[in-house]
Structure formats: structure tokens, C-alpha cells
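Novice: To be precise about what I am sending: the file is called run.txt and holds compact mmCIF, C-alpha atoms.
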# COMPACT_ATOMS: atom_id res chain seq x y z
CA MET A 1 -28.75 52.20 -41.48
CA THR A 2 -25.50 51.75 -39.47
CA VAL A 3 -23.10 48.99 -40.43
CA PRO A 4 -21.44 47.54 -37.29
CA THR A 5 -17.63 47.42 -37.02
CA ARG A 6 -16.66 43.83 -36.38
CA VAL A 7 -13.48 43.22 -34.39
CA ARG A 8 -11.91 40.13 -32.95
CA VAL A 9 -10.93 40.43 -29.29
CA LEU A 10 -8.14 38.39 -27.72
CA ALA A 11 -7.99 38.08 -23.95
CA PHE A 12 -5.26 36.62 -21.77
CA ALA A 13 -4.59 35.39 -18.26
CA ARG A 14 -6.91 36.92 -15.65
CA ILE A 15 -8.88 38.85 -18.26
CA ALA A 16 -9.58 35.65 -20.19
CA GLU A 17 -10.62 33.90 -16.99
CA LEU A 18 -13.09 36.65 -16.12
CA LEU A 19 -14.52 36.66 -19.64
CA GLY A 20 -14.66 32.90 -19.77
CA ALA A 21 -13.09 33.08 -23.22
CA ARG A 22 -9.76 33.84 -24.84
CA GLU A 23 -11.28 35.14 -28.00
CA GLU A 24 -14.53 36.65 -29.17
CA GLU A 25 -16.11 38.67 -31.94
CA LEU A 26 -17.61 42.02 -31.11
CA ALA A 27 -19.90 44.16 -33.23
CA LEU A 28 -19.25 47.81 -32.31
CA GLY A 29 -21.03 50.99 -33.31
CA PRO A 30 -19.69 53.52 -35.86
CA ASN A 31 -16.15 54.93 -35.53
CA PRO A 32 -15.22 52.77 -32.59
CA ARG A 33 -12.00 53.03 -30.58
CA VAL A 34 -10.10 50.45 -28.51
CA GLU A 35 -11.88 51.96 -25.54
CA ASP A 36 -15.25 50.86 -26.92
CA ALA A 37 -14.18 47.25 -27.25
CA TRP A 38 -13.03 47.30 -23.64
CA SER A 39 -16.28 48.89 -22.48
CA ALA A 40 -18.35 46.28 -24.28
CA LEU A 41 -16.50 43.58 -22.34
CA ALA A 42 -16.58 45.42 -19.02
CA GLN A 43 -20.30 45.97 -19.29
CA ARG A 44 -20.85 42.23 -19.28
CA ASN A 45 -18.04 41.60 -16.76
CA PRO A 46 -17.93 44.42 -14.24
CA GLU A 47 -14.94 42.81 -12.49
CA LEU A 48 -12.86 43.92 -15.46
CA THR A 49 -13.32 47.57 -14.54
CA VAL A 50 -10.68 47.66 -11.79
CA LEU A 51 -8.17 45.99 -14.12
CA LYS A 52 -8.25 48.74 -16.72
CA PRO A 53 -5.41 50.89 -15.31
CA SER A 54 -3.04 47.91 -15.45
CA THR A 55 -4.22 46.65 -18.85
CA ARG A 56 -2.52 47.46 -22.12
CA ALA A 57 -4.14 47.05 -25.48
CA ALA A 58 -2.68 45.89 -28.78
CA ARG A 59 -4.24 46.46 -32.16
CA ASN A 60 -3.24 44.01 -34.88
CA GLY A 61 -0.24 42.90 -32.86
CA ARG A 62 1.06 46.33 -31.88
CA ILE A 63 0.62 48.19 -28.60
CA ALA A 64 -2.19 50.73 -29.06
CA ALA A 65 -3.62 53.53 -26.95
CA PHE A 66 -7.20 53.14 -25.73
CA ASP A 67 -8.26 56.05 -27.91
CA GLU A 68 -6.88 54.49 -31.08
CA PRO A 69 -9.60 54.00 -33.75
CA LEU A 70 -10.59 50.51 -34.81
CA ALA A 71 -11.45 49.38 -38.30
CA ASP A 72 -13.63 46.53 -39.42
CA GLY A 73 -11.69 43.25 -39.19
CA ASP A 74 -9.18 44.51 -36.62
CA GLU A 75 -7.83 42.29 -33.89
CA VAL A 76 -7.73 43.90 -30.44
CA ALA A 77 -5.85 42.21 -27.60
CA PHE A 78 -6.08 43.12 -23.93
CA LEU A 79 -2.88 42.39 -22.04
CA PRO A 80 -2.61 42.19 -18.25
CA PRO A 81 0.74 42.95 -16.62
CA VAL A 82 3.21 40.39 -17.97
CA GLY A 83 4.86 37.65 -15.93
CA GLY A 84 7.06 35.66 -18.28
CA GLY A 85 10.38 34.07 -17.37
CA MET B 1 78.70 12.92 4.79
CA THR B 2 75.82 14.94 3.38
CA VAL B 3 72.50 13.27 2.68
CA PRO B 4 70.88 14.79 -0.45
CA THR B 5 67.36 16.24 -0.28
CA ARG B 6 65.27 14.47 -2.86
CA VAL B 7 62.40 16.40 -4.39
CA ARG B 8 60.03 15.70 -7.20
CA VAL B 9 59.73 18.51 -9.74
CA LEU B 10 56.64 19.05 -11.87
CA ALA B 11 56.90 21.22 -14.96
CA PHE B 12 54.15 22.52 -17.21
CA ALA B 13 53.57 24.06 -20.60
CA ARG B 14 56.60 25.93 -21.97
CA ILE B 15 58.76 24.96 -19.01
CA ALA B 16 58.03 21.27 -19.56
CA GLU B 17 58.79 21.67 -23.27
CA LEU B 18 62.17 23.25 -22.55
CA LEU B 19 63.01 20.57 -20.01
CA GLY B 20 61.78 17.81 -22.27
CA ALA B 21 59.95 16.35 -19.28
CA ARG B 22 56.92 17.07 -17.14
CA GLU B 23 58.36 15.48 -14.07
CA GLU B 24 61.73 14.65 -12.64
CA GLU B 25 63.53 13.79 -9.44
CA LEU B 26 66.23 16.14 -8.17
CA ALA B 27 68.82 15.51 -5.49
CA LEU B 28 69.62 18.86 -3.88
CA GLY B 29 72.26 19.86 -1.33
CA PRO B 30 71.56 20.49 2.34
CA ASN B 31 68.81 22.94 3.42
CA PRO B 32 67.58 23.60 -0.08
CA ARG B 33 64.98 26.13 -1.07
CA VAL B 34 62.59 26.30 -4.01
CA GLU B 35 65.19 28.56 -5.62
CA ASP B 36 67.73 25.73 -5.65
CA ALA B 37 65.43 23.38 -7.50
CA TRP B 38 64.85 26.08 -10.12
CA SER B 39 68.57 26.75 -10.44
CA ALA B 40 69.33 23.08 -10.94
CA LEU B 41 66.92 23.04 -13.86
CA ALA B 42 68.08 26.36 -15.29
CA GLN B 43 71.69 25.25 -15.23
CA ARG B 44 70.86 22.44 -17.63
CA ASN B 45 68.40 24.55 -19.59
CA PRO B 46 69.62 28.15 -19.79
CA GLU B 47 66.53 29.13 -21.77
CA LEU B 48 64.58 28.83 -18.53
CA THR B 49 66.43 31.79 -17.04
CA VAL B 50 64.38 34.49 -18.76
CA LEU B 51 61.17 32.77 -17.69
CA LYS B 52 61.87 33.07 -13.98
CA PRO B 53 60.19 36.44 -13.38
CA SER B 54 56.93 35.12 -14.81
CA THR B 55 57.13 31.72 -13.13
CA ARG B 56 55.39 30.88 -9.88
CA ALA B 57 56.29 27.91 -7.72
CA ALA B 58 54.10 25.58 -5.72
CA ARG B 59 55.29 23.33 -2.93
CA ASN B 60 53.13 20.30 -2.22
CA GLY B 61 50.25 21.82 -4.11
CA ARG B 62 50.36 25.30 -2.59
CA ILE B 63 51.88 28.46 -4.01
CA ALA B 64 55.30 28.97 -2.44
CA ALA B 65 57.90 31.75 -2.51
CA PHE B 66 61.23 30.95 -4.14
CA ASP B 67 62.95 31.25 -0.77
CA GLU B 68 60.71 28.69 0.89
CA PRO B 69 62.68 25.73 2.30
CA LEU B 70 62.24 22.28 0.82
CA ALA B 71 62.18 19.02 2.72
CA ASP B 72 63.04 15.56 1.53
CA GLY B 73 60.11 14.08 -0.40
CA ASP B 74 58.58 17.45 -1.30
CA GLU B 75 56.92 18.06 -4.62
CA VAL B 76 57.83 21.35 -6.29
CA ALA B 77 55.88 22.60 -9.29
CA PHE B 78 56.91 25.43 -11.61
CA LEU B 79 53.97 27.24 -13.11
CA PRO B 80 54.14 29.53 -16.14
CA PRO B 81 51.51 32.29 -16.50
CA VAL B 82 48.16 30.53 -16.74
CA GLY B 83 45.92 30.46 -19.80
CA GLY B 84 42.88 28.40 -18.93
CA GLY B 85 39.36 29.01 -20.18
CA MET C 1 14.57 33.82 -32.30
CA LEU C 2 11.98 33.25 -29.59
CA ARG C 3 10.09 30.04 -29.82
CA ILE C 4 6.97 29.39 -27.77
CA ALA C 5 7.09 25.75 -26.71
CA ARG C 6 4.15 23.58 -25.78
CA GLU C 7 6.40 20.67 -24.83
CA PRO C 8 9.45 20.41 -22.51
CA ILE C 9 12.35 22.57 -23.64
CA ASP C 10 15.71 21.15 -24.65
CA PRO C 11 18.25 23.84 -23.67
CA LYS C 12 20.89 22.24 -25.85
CA ALA C 13 18.77 22.81 -28.94
CA VAL C 14 18.50 26.51 -28.09
CA GLU C 15 22.25 26.73 -27.56
CA ALA C 16 22.81 25.00 -30.90
CA ARG C 17 20.93 27.82 -32.65
CA VAL C 18 23.45 30.47 -31.51
CA LEU C 19 26.74 28.68 -32.16
CA SER C 20 28.80 30.00 -35.03
CA GLU C 21 32.32 29.75 -36.35
CA ASN C 22 33.98 32.51 -34.44
CA CYS C 23 32.12 32.46 -31.16
CA GLY C 24 34.32 31.93 -28.16
CA GLY C 25 31.76 32.35 -25.41
CA VAL C 26 28.20 31.14 -24.96
CA VAL C 27 26.08 32.13 -21.98
CA THR C 28 22.81 30.33 -21.39
CA PHE C 29 20.18 31.22 -18.83
CA LEU C 30 17.63 28.68 -17.65
CA GLY C 31 14.60 29.83 -15.70
CA ILE C 32 13.28 26.94 -13.63
CA VAL C 33 10.03 26.50 -11.71
CA ARG C 34 10.81 26.81 -7.99
CA GLU C 35 8.90 25.06 -5.23
CA ARG C 36 8.41 28.34 -3.41
CA ALA C 37 6.86 31.50 -4.75
CA ASP C 38 8.50 34.82 -3.94
CA ASP C 39 6.04 35.31 -1.08
CA GLY C 40 7.05 31.95 0.39
CA ARG C 41 3.95 29.95 -0.60
CA SER C 42 4.54 26.43 -1.88
CA VAL C 43 3.55 25.74 -5.44
CA ASN C 44 2.87 22.54 -7.33
CA GLY C 45 3.80 24.31 -10.49
CA LEU C 46 3.16 27.27 -12.74
CA GLN C 47 0.83 27.84 -15.63
CA TYR C 48 2.09 30.04 -18.46
CA GLU C 49 0.35 31.48 -21.44
CA ALA C 50 1.56 33.74 -24.22
CA PHE C 51 0.33 35.97 -26.98
CA ASP C 52 2.62 34.03 -29.29
CA GLU C 53 2.98 36.31 -32.32
CA MET C 54 3.50 39.42 -30.27
CA ALA C 55 5.93 37.72 -27.87
CA VAL C 56 7.98 36.57 -30.84
CA SER C 57 8.08 40.00 -32.45
CA GLU C 58 8.82 41.75 -29.15
CA PHE C 59 11.77 39.42 -28.60
CA GLU C 60 13.04 40.13 -32.12
CA THR C 61 13.19 43.77 -31.08
CA VAL C 62 15.04 42.82 -27.89
CA ALA C 63 17.58 40.77 -29.84
CA ALA C 64 18.14 43.65 -32.27
CA GLU C 65 18.69 45.99 -29.33
CA ALA C 66 21.19 43.51 -27.86
CA ARG C 67 23.15 43.57 -31.11
CA GLU C 68 23.13 47.36 -31.13
CA ARG C 69 24.40 47.50 -27.56
CA PHE C 70 26.78 44.57 -27.42
CA GLY C 71 27.93 44.06 -30.99
CA ASN C 72 27.92 40.86 -32.94
CA VAL C 73 25.95 38.52 -30.69
CA ASN C 74 23.65 35.65 -31.63
CA VAL C 75 20.56 35.39 -29.46
CA ALA C 76 17.97 32.62 -29.20
CA ALA C 77 15.25 31.89 -26.68
CA GLU C 78 12.49 29.49 -25.94
CA HIS C 79 9.62 29.95 -23.49
CA ARG C 80 7.31 27.20 -22.49
CA VAL C 81 3.56 27.59 -22.04
CA GLY C 82 0.99 25.35 -20.37
CA GLU C 83 1.30 23.71 -16.97
CA LEU C 84 4.79 23.21 -15.62
CA ARG C 85 5.80 21.36 -12.50
CA VAL C 86 8.52 22.30 -10.02
CA GLY C 87 11.95 21.72 -11.53
CA GLU C 88 10.87 22.12 -15.14
CA VAL C 89 12.49 24.66 -17.43
CA ALA C 90 10.19 27.61 -18.18
CA VAL C 91 12.56 29.70 -20.28
CA VAL C 92 15.96 29.43 -21.95
CA VAL C 93 17.96 32.35 -23.33
CA SER C 94 21.24 31.59 -25.06
CA VAL C 95 23.76 34.08 -26.42
CA ALA C 96 26.96 33.45 -28.31
CA ALA C 97 29.63 36.08 -28.87
CA GLU C 98 33.27 36.31 -29.73
CA HIS C 99 34.12 37.08 -26.09
CA ARG C 100 32.44 36.42 -22.78
CA ASP C 101 31.88 40.07 -21.79
CA GLU C 102 29.32 40.55 -24.53
CA ALA C 103 27.83 37.09 -24.11
CA PHE C 104 27.13 37.69 -20.41
CA ALA C 105 25.85 41.22 -20.95
CA ALA C 106 23.60 40.34 -23.88
CA CYS C 107 22.16 37.25 -22.18
CA ARG C 108 21.33 39.30 -19.10
CA TYR C 109 19.79 42.03 -21.21
CA ALA C 110 17.70 39.57 -23.20
CA ILE C 111 16.20 37.74 -20.22
CA ASP C 112 15.53 41.00 -18.36
CA GLU C 113 13.73 42.54 -21.32
CA LEU C 114 11.88 39.33 -22.14
CA LYS C 115 10.53 39.28 -18.59
CA ARG C 116 9.67 42.96 -18.70
CA ARG C 117 8.14 43.21 -22.15
CA ALA C 118 7.10 39.91 -23.72
CA PRO C 119 3.34 39.28 -23.51
CA ILE C 120 3.63 36.10 -21.45
CA TRP C 121 1.71 35.44 -18.24
CA LYS C 122 2.29 33.24 -15.24
CA LYS C 123 -0.13 31.78 -12.73
CA GLU C 124 1.17 30.26 -9.51
CA LEU C 125 -0.63 27.01 -8.67
CA TYR C 126 -0.53 26.61 -4.90
CA VAL C 127 -0.09 23.36 -3.03
CA ASP C 128 -3.01 24.30 -0.78
CA GLY C 129 -5.30 24.95 -3.74
CA GLY C 130 -6.11 27.86 -5.96
CA GLY C 131 -3.85 29.98 -8.04
CA GLU C 132 -2.92 33.55 -8.78
CA TRP C 133 -1.68 35.41 -11.82
CA LYS C 134 1.61 37.08 -10.94
CA ALA C 135 3.16 40.04 -12.69
CA ASN C 136 6.88 40.67 -12.89
CA ALA C 137 8.31 43.79 -11.32
CA CYS C 138 8.69 46.82 -13.63
CA ASN C 139 6.06 45.88 -16.16
CA GLY C 140 5.64 47.81 -19.37
CA THR C 141 7.91 50.43 -20.78
CA MET D 1 33.46 21.04 -8.25
CA LEU D 2 36.00 21.43 -11.04
CA ARG D 3 36.57 18.36 -13.10
CA ILE D 4 39.49 18.09 -15.51
CA ALA D 5 38.23 16.23 -18.56
CA ARG D 6 40.31 14.26 -21.00
CA GLU D 7 37.32 13.60 -23.26
CA PRO D 8 34.72 15.96 -24.82
CA ILE D 9 32.66 17.80 -22.24
CA ASP D 10 28.91 17.37 -21.91
CA PRO D 11 27.64 20.77 -20.67
CA LYS D 12 24.34 19.23 -19.63
CA ALA D 13 26.11 16.96 -17.15
CA VAL D 14 27.78 19.98 -15.55
CA GLU D 15 24.45 21.79 -15.35
CA ALA D 16 22.87 18.71 -13.76
CA ARG D 17 25.38 18.93 -10.90
CA VAL D 18 24.15 22.38 -9.81
CA LEU D 19 20.39 21.91 -9.99
CA SER D 20 18.60 21.79 -6.68
CA GLU D 21 15.07 22.02 -5.36
CA ASN D 22 14.78 25.73 -4.90
CA CYS D 23 16.90 27.08 -7.71
CA GLY D 24 15.05 29.35 -10.07
CA GLY D 25 17.93 30.44 -12.26
CA VAL D 26 20.85 28.61 -13.84
CA VAL D 27 23.56 30.39 -15.80
CA THR D 28 26.01 28.35 -17.81
CA PHE D 29 29.09 29.63 -19.57
CA LEU D 30 30.71 27.67 -22.40
CA GLY D 31 34.17 28.60 -23.59
CA ILE D 32 34.65 27.41 -27.14
CA VAL D 33 37.74 27.13 -29.33
CA ARG D 34 37.63 29.92 -31.91
CA GLU D 35 39.12 29.74 -35.38
CA ARG D 36 40.99 32.97 -34.82
CA ALA D 37 43.38 33.79 -32.00
CA ASP D 38 43.15 37.21 -30.37
CA ASP D 39 45.97 38.45 -32.59
CA GLY D 40 44.04 37.35 -35.67
CA ARG D 41 46.08 34.26 -36.54
CA SER D 42 44.11 31.23 -37.68
CA VAL D 43 44.31 28.17 -35.48
CA ASN D 44 43.55 24.52 -36.10
CA GLY D 45 42.89 24.15 -32.43
CA LEU D 46 44.25 24.58 -28.94
CA GLN D 47 46.23 22.35 -26.64
CA TYR D 48 45.45 22.58 -22.94
CA GLU D 49 47.19 21.12 -19.95
CA ALA D 50 46.50 21.40 -16.24
CA PHE D 51 48.06 20.81 -12.87
CA ASP D 52 44.96 18.83 -11.99
CA GLU D 53 45.03 18.68 -8.18
CA MET D 54 45.92 22.31 -7.78
CA ALA D 55 43.39 23.46 -10.37
CA VAL D 56 40.69 21.56 -8.54
CA SER D 57 41.61 22.99 -5.14
CA GLU D 58 41.98 26.53 -6.51
CA PHE D 59 38.51 26.29 -8.00
CA GLU D 60 37.11 25.05 -4.68
CA THR D 61 38.40 28.29 -3.21
CA VAL D 62 36.79 30.27 -6.02
CA ALA D 63 33.45 28.53 -5.45
CA ALA D 64 33.63 29.23 -1.71
CA GLU D 65 34.35 32.90 -2.47
CA ALA D 66 31.35 32.97 -4.81
CA ARG D 67 29.11 31.68 -2.01
CA GLU D 68 30.48 34.31 0.35
CA ARG D 69 29.83 37.08 -2.16
CA PHE D 70 26.62 35.97 -3.77
CA GLY D 71 24.91 33.79 -1.17
CA ASN D 72 23.52 30.34 -1.67
CA VAL D 73 24.82 29.42 -5.12
CA ASN D 74 25.78 26.00 -6.48
CA VAL D 75 28.85 26.06 -8.71
CA ALA D 76 30.29 23.38 -10.97
CA ALA D 77 32.87 23.47 -13.72
CA GLU D 78 34.65 21.26 -16.15
CA HIS D 79 37.80 22.08 -18.12
CA ARG D 80 39.09 19.96 -20.91
CA VAL D 81 42.76 19.16 -21.49
CA GLY D 82 44.57 17.72 -24.50
CA GLU D 83 44.15 18.81 -28.10
CA LEU D 84 40.91 20.53 -29.02
CA ARG D 85 39.73 21.53 -32.45
CA VAL D 86 37.88 24.70 -33.44
CA GLY D 87 34.30 24.59 -32.19
CA GLU D 88 34.99 22.23 -29.29
CA VAL D 89 34.07 23.17 -25.73
CA ALA D 90 37.15 23.96 -23.61
CA VAL D 91 35.42 24.95 -20.39
CA VAL D 92 31.97 24.93 -18.81
CA VAL D 93 30.98 26.83 -15.68
CA SER D 94 27.45 26.39 -14.38
CA VAL D 95 25.82 28.19 -11.46
CA ALA D 96 22.37 27.70 -9.97
CA ALA D 97 20.78 30.14 -7.55
CA GLU D 98 17.37 31.07 -6.28
CA HIS D 99 17.34 34.17 -8.49
CA ARG D 100 19.08 35.17 -11.69
CA ASP D 101 21.03 38.12 -10.26
CA GLU D 102 23.22 35.84 -8.18
CA ALA D 103 23.40 33.15 -10.84
CA PHE D 104 24.76 35.63 -13.42
CA ALA D 105 27.14 37.31 -10.97
CA ALA D 106 28.52 34.07 -9.56
CA CYS D 107 28.98 32.46 -12.97
CA ARG D 108 30.87 35.50 -14.20
CA TYR D 109 33.00 35.55 -11.06
CA ALA D 110 33.79 31.85 -11.31
CA ILE D 111 34.91 31.91 -14.96
CA ASP D 112 36.93 35.10 -14.47
CA GLU D 113 38.76 33.68 -11.46
CA LEU D 114 39.21 30.28 -13.04
CA LYS D 115 40.92 31.96 -15.99
CA ARG D 116 43.01 34.15 -13.73
CA ARG D 117 44.06 31.64 -11.11
CA ALA D 118 43.64 28.00 -12.07
CA PRO D 119 46.90 26.35 -13.14
CA ILE D 120 45.79 25.51 -16.65
CA TRP D 121 47.75 26.35 -19.79
CA LYS D 122 46.82 26.91 -23.40
CA LYS D 123 48.88 26.57 -26.57
CA GLU D 124 47.57 27.96 -29.83
CA LEU D 125 48.18 25.58 -32.72
CA TYR D 126 48.45 27.67 -35.89
CA VAL D 127 47.15 26.70 -39.29
CA ASP D 128 50.48 27.73 -40.82
CA GLY D 129 52.42 25.52 -38.41
CA GLY D 130 53.92 25.88 -34.99
CA GLY D 131 52.31 26.89 -31.77
CA GLU D 132 52.61 29.26 -28.87
CA TRP D 133 51.71 29.10 -25.19
CA LYS D 134 49.40 31.99 -24.43
CA ALA D 135 48.79 33.53 -21.03
CA ASN D 136 45.53 35.17 -20.01
CA ALA D 137 45.52 38.84 -19.12
CA CYS D 138 45.92 39.64 -15.41
CA ASN D 139 47.71 36.50 -14.36
CA GLY D 140 48.33 35.69 -10.72
CA THR D 141 47.03 37.48 -7.68
Before anything else, please render the file you have as C-alpha cells.

Specialist:
Amino acid sequence: MTVPTRVRVLAFARIAELLGAREEELALGPNPRVEDAWSALAQRNPELTVLKPSTRAARNGRIAAFDEPLADGDEVAFLPPVGGG
Amino acid sequence: MTVPTRVRVLAFARIAELLGAREEELALGPNPRVEDAWSALAQRNPELTVLKPSTRAARNGRIAAFDEPLADGDEVAFLPPVGGG
Amino acid sequence: MLRIAREPIDPKAVEARVLSENCGGVVTFLGIVRERADDGRSVNGLQYEAFDEMAVSEFETVAAEARERFGNVNVAAEHRVGELRVGEVAVVVSVAAEHRDEAFAACRYAIDELKRRAPIWKKELYVDGGGEWKANACNGT
Amino acid sequence: MLRIAREPIDPKAVEARVLSENCGGVVTFLGIVRERADDGRSVNGLQYEAFDEMAVSEFETVAAEARERFGNVNVAAEHRVGELRVGEVAVVVSVAAEHRDEAFAACRYAIDELKRRAPIWKKELYVDGGGEWKANACNGT
């Protein structure tokens, strides 16, 4: 029996608008990577797909590559190109 | 009979301290120049002499050379090196 | 050193955080909502949002870099989030230093890097309806 | 655009004079009395005096030059005279522009030229008594 890896996803700006939420819990399969969290979202929201090249990810508050592994309880954030100031 | 040329002298900072005044009236001889106003002051206050190379003059609010002529009623200011800001 | 503000910013309070006994120069930058976007469209205002914790820690890194580059400078900043109208202050960066050279250079560095790196987003809200998320030039590292 | 102040300066009031509808960036410089002079001596404060009319007209020239060099910038300044204690604001220069590049450049230009050219004088008042009139580097034109 496979135990799912639960992660909390944070979304911002256009990504949050497309998802209709700034935050959600995802249950991923075994040995998931950042990539898998993104794919789970993009499957439900195909408009996200074109945004991937410009999106950066952060794992537990630090910039992370899309192939970085995720652990149960991790927080993954997806960050569109920034526009502060 | 010679009519004196009356000018108002403004002094600042160290120059004013040496003169003991920030402002005075001078009666100069005929066809005076900025130079003559300075000399009149320096005669009474020899300590001014060494300051001349670093002093700029202004006539009626505009920077003036020491050989610029003065007219009756002019205002002459002697400006030490500035230190604002 | 970066504070994310949900209410109007008081630039004087940011300045007050950088003043110290031997500072001779303070440079403060205010970023203000303009009535025209860069492409010329008229806006009613801007909407900002931030990933607060990460914006704060990224700006700590920026401030540390500023001290490495420009010496003993004090840096503080505040960035507002939510809906802002034209004329309101979106961001304040204040730097105090012994001399003005470093204060100018460090303030410029801090606002440039904040704009480039802090996870903060801006949506232009157009007078004729709708809105668009706008990225700064030179995003990322 | 330069005001000679005989009372403490309110930097916010100077800033308010440069704000306009399409300015996106405001840079403000504060010059503050330091406890140590450049040669390391401790001061109680500074004494400033100005040739008011000429300082004002010289700064008008500086502001016009800033607009020639940096485009549509609004410039305002205030310089205090009299006796100032450590920590008090001696001078404020504020510049608003559409973008921060010009605001930073014009503010830097304006304070540099004010220090170099405006007929304003400064005496350091030492903790151990006495005082000395101090000139800025690069006086005159």
C-alpha cells in the first residue's frame, strides 16, 4: 500500500488566479519532485502549461529546481516573474 | 571736488568674524573696482590679506572679478570657500 | 529590514529605522503609483501581492550584499501590498551611511535588487477595465 | 526651489513640493550633522550661514541644469542655517521623476552642485572648545 506524500502548494499572481486559489494541499505519489506538484496543477488547469518556462519554484522558502525531491509536509511555491517596486 | 562711491559690503563666515561685522557701508574713491573695496577692508584687518586668493567676490548678487568696476549703490559680497551641505 | 505593509506606508518611519549616531547622509527612494503604465495605458491603480517570508529573507540577503559592497550602511525597506491608487507609495527604501556616496549607491542597489529578486507581483488595473500582471525587466538571477 | 530655513527642516514638506501626477520615483537626500568631523574631532554641532538670495538663485541654476541633463525632473531643496546639533538635518534635496534612473541621477547632481557652488558656510563646533570654518572639497567652478 502506497502512502501519499502530502505537500502544501502556494500560488501567486496569475498562477493563483488561474488556480482559483492561493494555497492548496496536494497528495502526490511516491518519491515526488517539484515537477510532480506542478503537473498535478497543470492537469486541472491546462492554461498553466505555457507559464512553466517563466515560473520558478521554491521549496520551504528557498528557490528549488523542478527536479528537486519533495518530502511529506513540504511547502512548494510557484512564483511567476516578479514585479515589485 | 570728488564725490565718493558708496557701496554696501556683505561679509560671511571667517571674513565676517575678522571684520566683526556682516555688513558695512564703504565710501570709495572715484572709479572704484571690487579690488578697492577689498583693500579698504584689508587695510583695517590685515588678517584678511592671506584669505584673498581663496575669496570670491559677488557684485549685486553675481560672481564678479576683482577688477570689475563698482557703481554708487552697488552691493559687494566677499565669499570664502563654501561649505554647505 | 523589509516590511510588507497592508496599510499606507509612512516613509518617515522607514527613514527612522536607519538613522544612527554617525550617519551623515540618508538617501530614501519612494516608488509611487503612476497614472500611466509604461505602455501608456491609464491605470486607476495597482494591485500588489507578496510571498511575505521569502521577500523578507531575499531582502535580508540584498542588504547584506549592500554592506559588503558599500561598507557600513543601514538599510530598511517597506513594500505595500493590496490595492493602491495613483499617487500612493508602493515601496520605500532608505539607506543611511557616513557619507553620501555610499548612501546613494546602496539605496540604488537595494531598490534595483528588490525589484529584480523579491517575490512581489504587480497587476495594473486599467481605467478602461481589466488588469494585467506585469513583470519587471531582468527577472530572476 | 531652495529654501533657507532658520528652524528645523521637515523633509516631508520638501518631498511634497516635488510630487506630481506622473512621477513614479522620488529620491530624497538628507544631510545630517555627524558627531565626528572628517578629521575625527568630536563636534557638539555645526553652525551654518548663507548668502540667502545668491544661494537661492545658484540653486535655481542647478535645478535648470538637472532638467537639461536628466529630463523632466522636479527638484526642491531646503538648507538650514544657524546652530545645529548632532543628529539634526542640515540639508534636504528631493527629486521626483517618472522613473528612478533620473530621480537618482538628478538628486545626486543637485546635492553635489549645491555643496560645490551655493554660498553657504559651515563652522565645526568642537566638543573641546573652539570652532573652525570648513570648506567643501572642489570649491568654486

Novice: What are the nearest atom pairs, with distances in Å to one decimal, for all residues of chain A that come at most 6 Å from chain C, using only C-alpha atoms, set out by chain and rising residue number as a Markdown table?

Specialist:
| residue | atom | partner | partner_atom | distance |
| --- | --- | --- | --- | --- |
| A:Gly61 | CA | C:Met54 | CA | 5.7 |
| A:Pro81 | CA | C:Ala135 | CA | 5.5 |
| A:Val82 | CA | C:Trp121 | CA | 5.2 |
| A:Gly83 | CA | C:Ala135 | CA | 4.4 |
| A:Gly84 | CA | C:Ile120 | CA | 4.7 |
| A:Gly85 | CA | C:Lys115 | CA | 5.4 |

Novice: Go ahead and save the picked residues with C-alpha atoms, as a PDB file, in the frame of the given file.

Specialist:
ATOM      1  CA  GLY A  61      -0.240  42.900 -32.860  1.00  0.00           C
ATOM      2  CA  PRO A  81       0.740  42.950 -16.620  1.00  0.00           C
ATOM      3  CA  VAL A  82       3.210  40.390 -17.970  1.00  0.00           C
ATOM      4  CA  GLY A  83       4.860  37.650 -15.930  1.00  0.00           C
ATOM      5  CA  GLY A  84       7.060  35.660 -18.280  1.00  0.00           C
ATOM      6  CA  GLY A  85      10.380  34.070 -17.370  1.00  0.00           C
TER       7      GLY A  85
END

Novice: For range 24-32 of chain B, please output as a list in words all residues within 6 Å (counting only C-alpha atoms; exclusion window: fewer than 4 positions along the same chain).

Specialist: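 Near range 24-32 of chain B, the qualifying residues are Pro4, Thr5, Arg6, Val7, Arg8, Val9, Asp36, Pro69 and Leu70 of chain B.
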
Novice: Only residues of chain D matter here; which ones have an atom within 7 Å of chain C, counting only C-alpha atoms? Give them as JSON, numbers by chain.

Specialist: {"D": [21, 22, 23, 24, 25, 26, 27, 28, 29, 30, 31, 32, 33, 34, 35, 87]}

Novice: Could you tell me how far CA of Ile9 in chain D sits from CA of Ala58 in chain B, in Å to one decimal place?

Specialist: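 Taking CA of Ala58 in chain B and CA of Ile9 in chain D, their separation equals 28.2 Å.
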
Novice: Please give the centre and size of the box around range 11-20 of chain B (axis-aligned, containing every atom listed in the file, 8 Å added per side), with values in Å to one decimal and written as lines of an AutoDock Vina configuration file.

Specialist:
center_x = 58.3
center_y = 21.9
center_z = -19.1
size_x = 25.4
size_y = 24.1
size_z = 24.3

Novice: If I take CA of Thr55 in chain B and CA of Ala77 in chain B, how far is one from the other in Å, to one decimal?

Specialist: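 Interatomic distance, CA of Thr55 in chain B to CA of Ala77 in chain B: 10.0 Å.
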
Novice: State, in Å with one decimal place, the distance from CA of Arg62 in chain B to CA of Ala77 in chain D.

Specialist: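 Calculated distance between CA of Arg62 in chain B and CA of Ala77 in chain D is 20.8 Å.
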
Novice: Select, from B:Ala40, B:Ala57, B:Ile63, B:Val34, the residue with the minimum atom-to-atom distance to Leu79 in chain B, counting only C-alpha atoms.

Specialist: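 Among B:Ala40, B:Ala57, B:Ile63, B:Val34, it is B:Ala57 that comes nearest to Leu79 in chain B.
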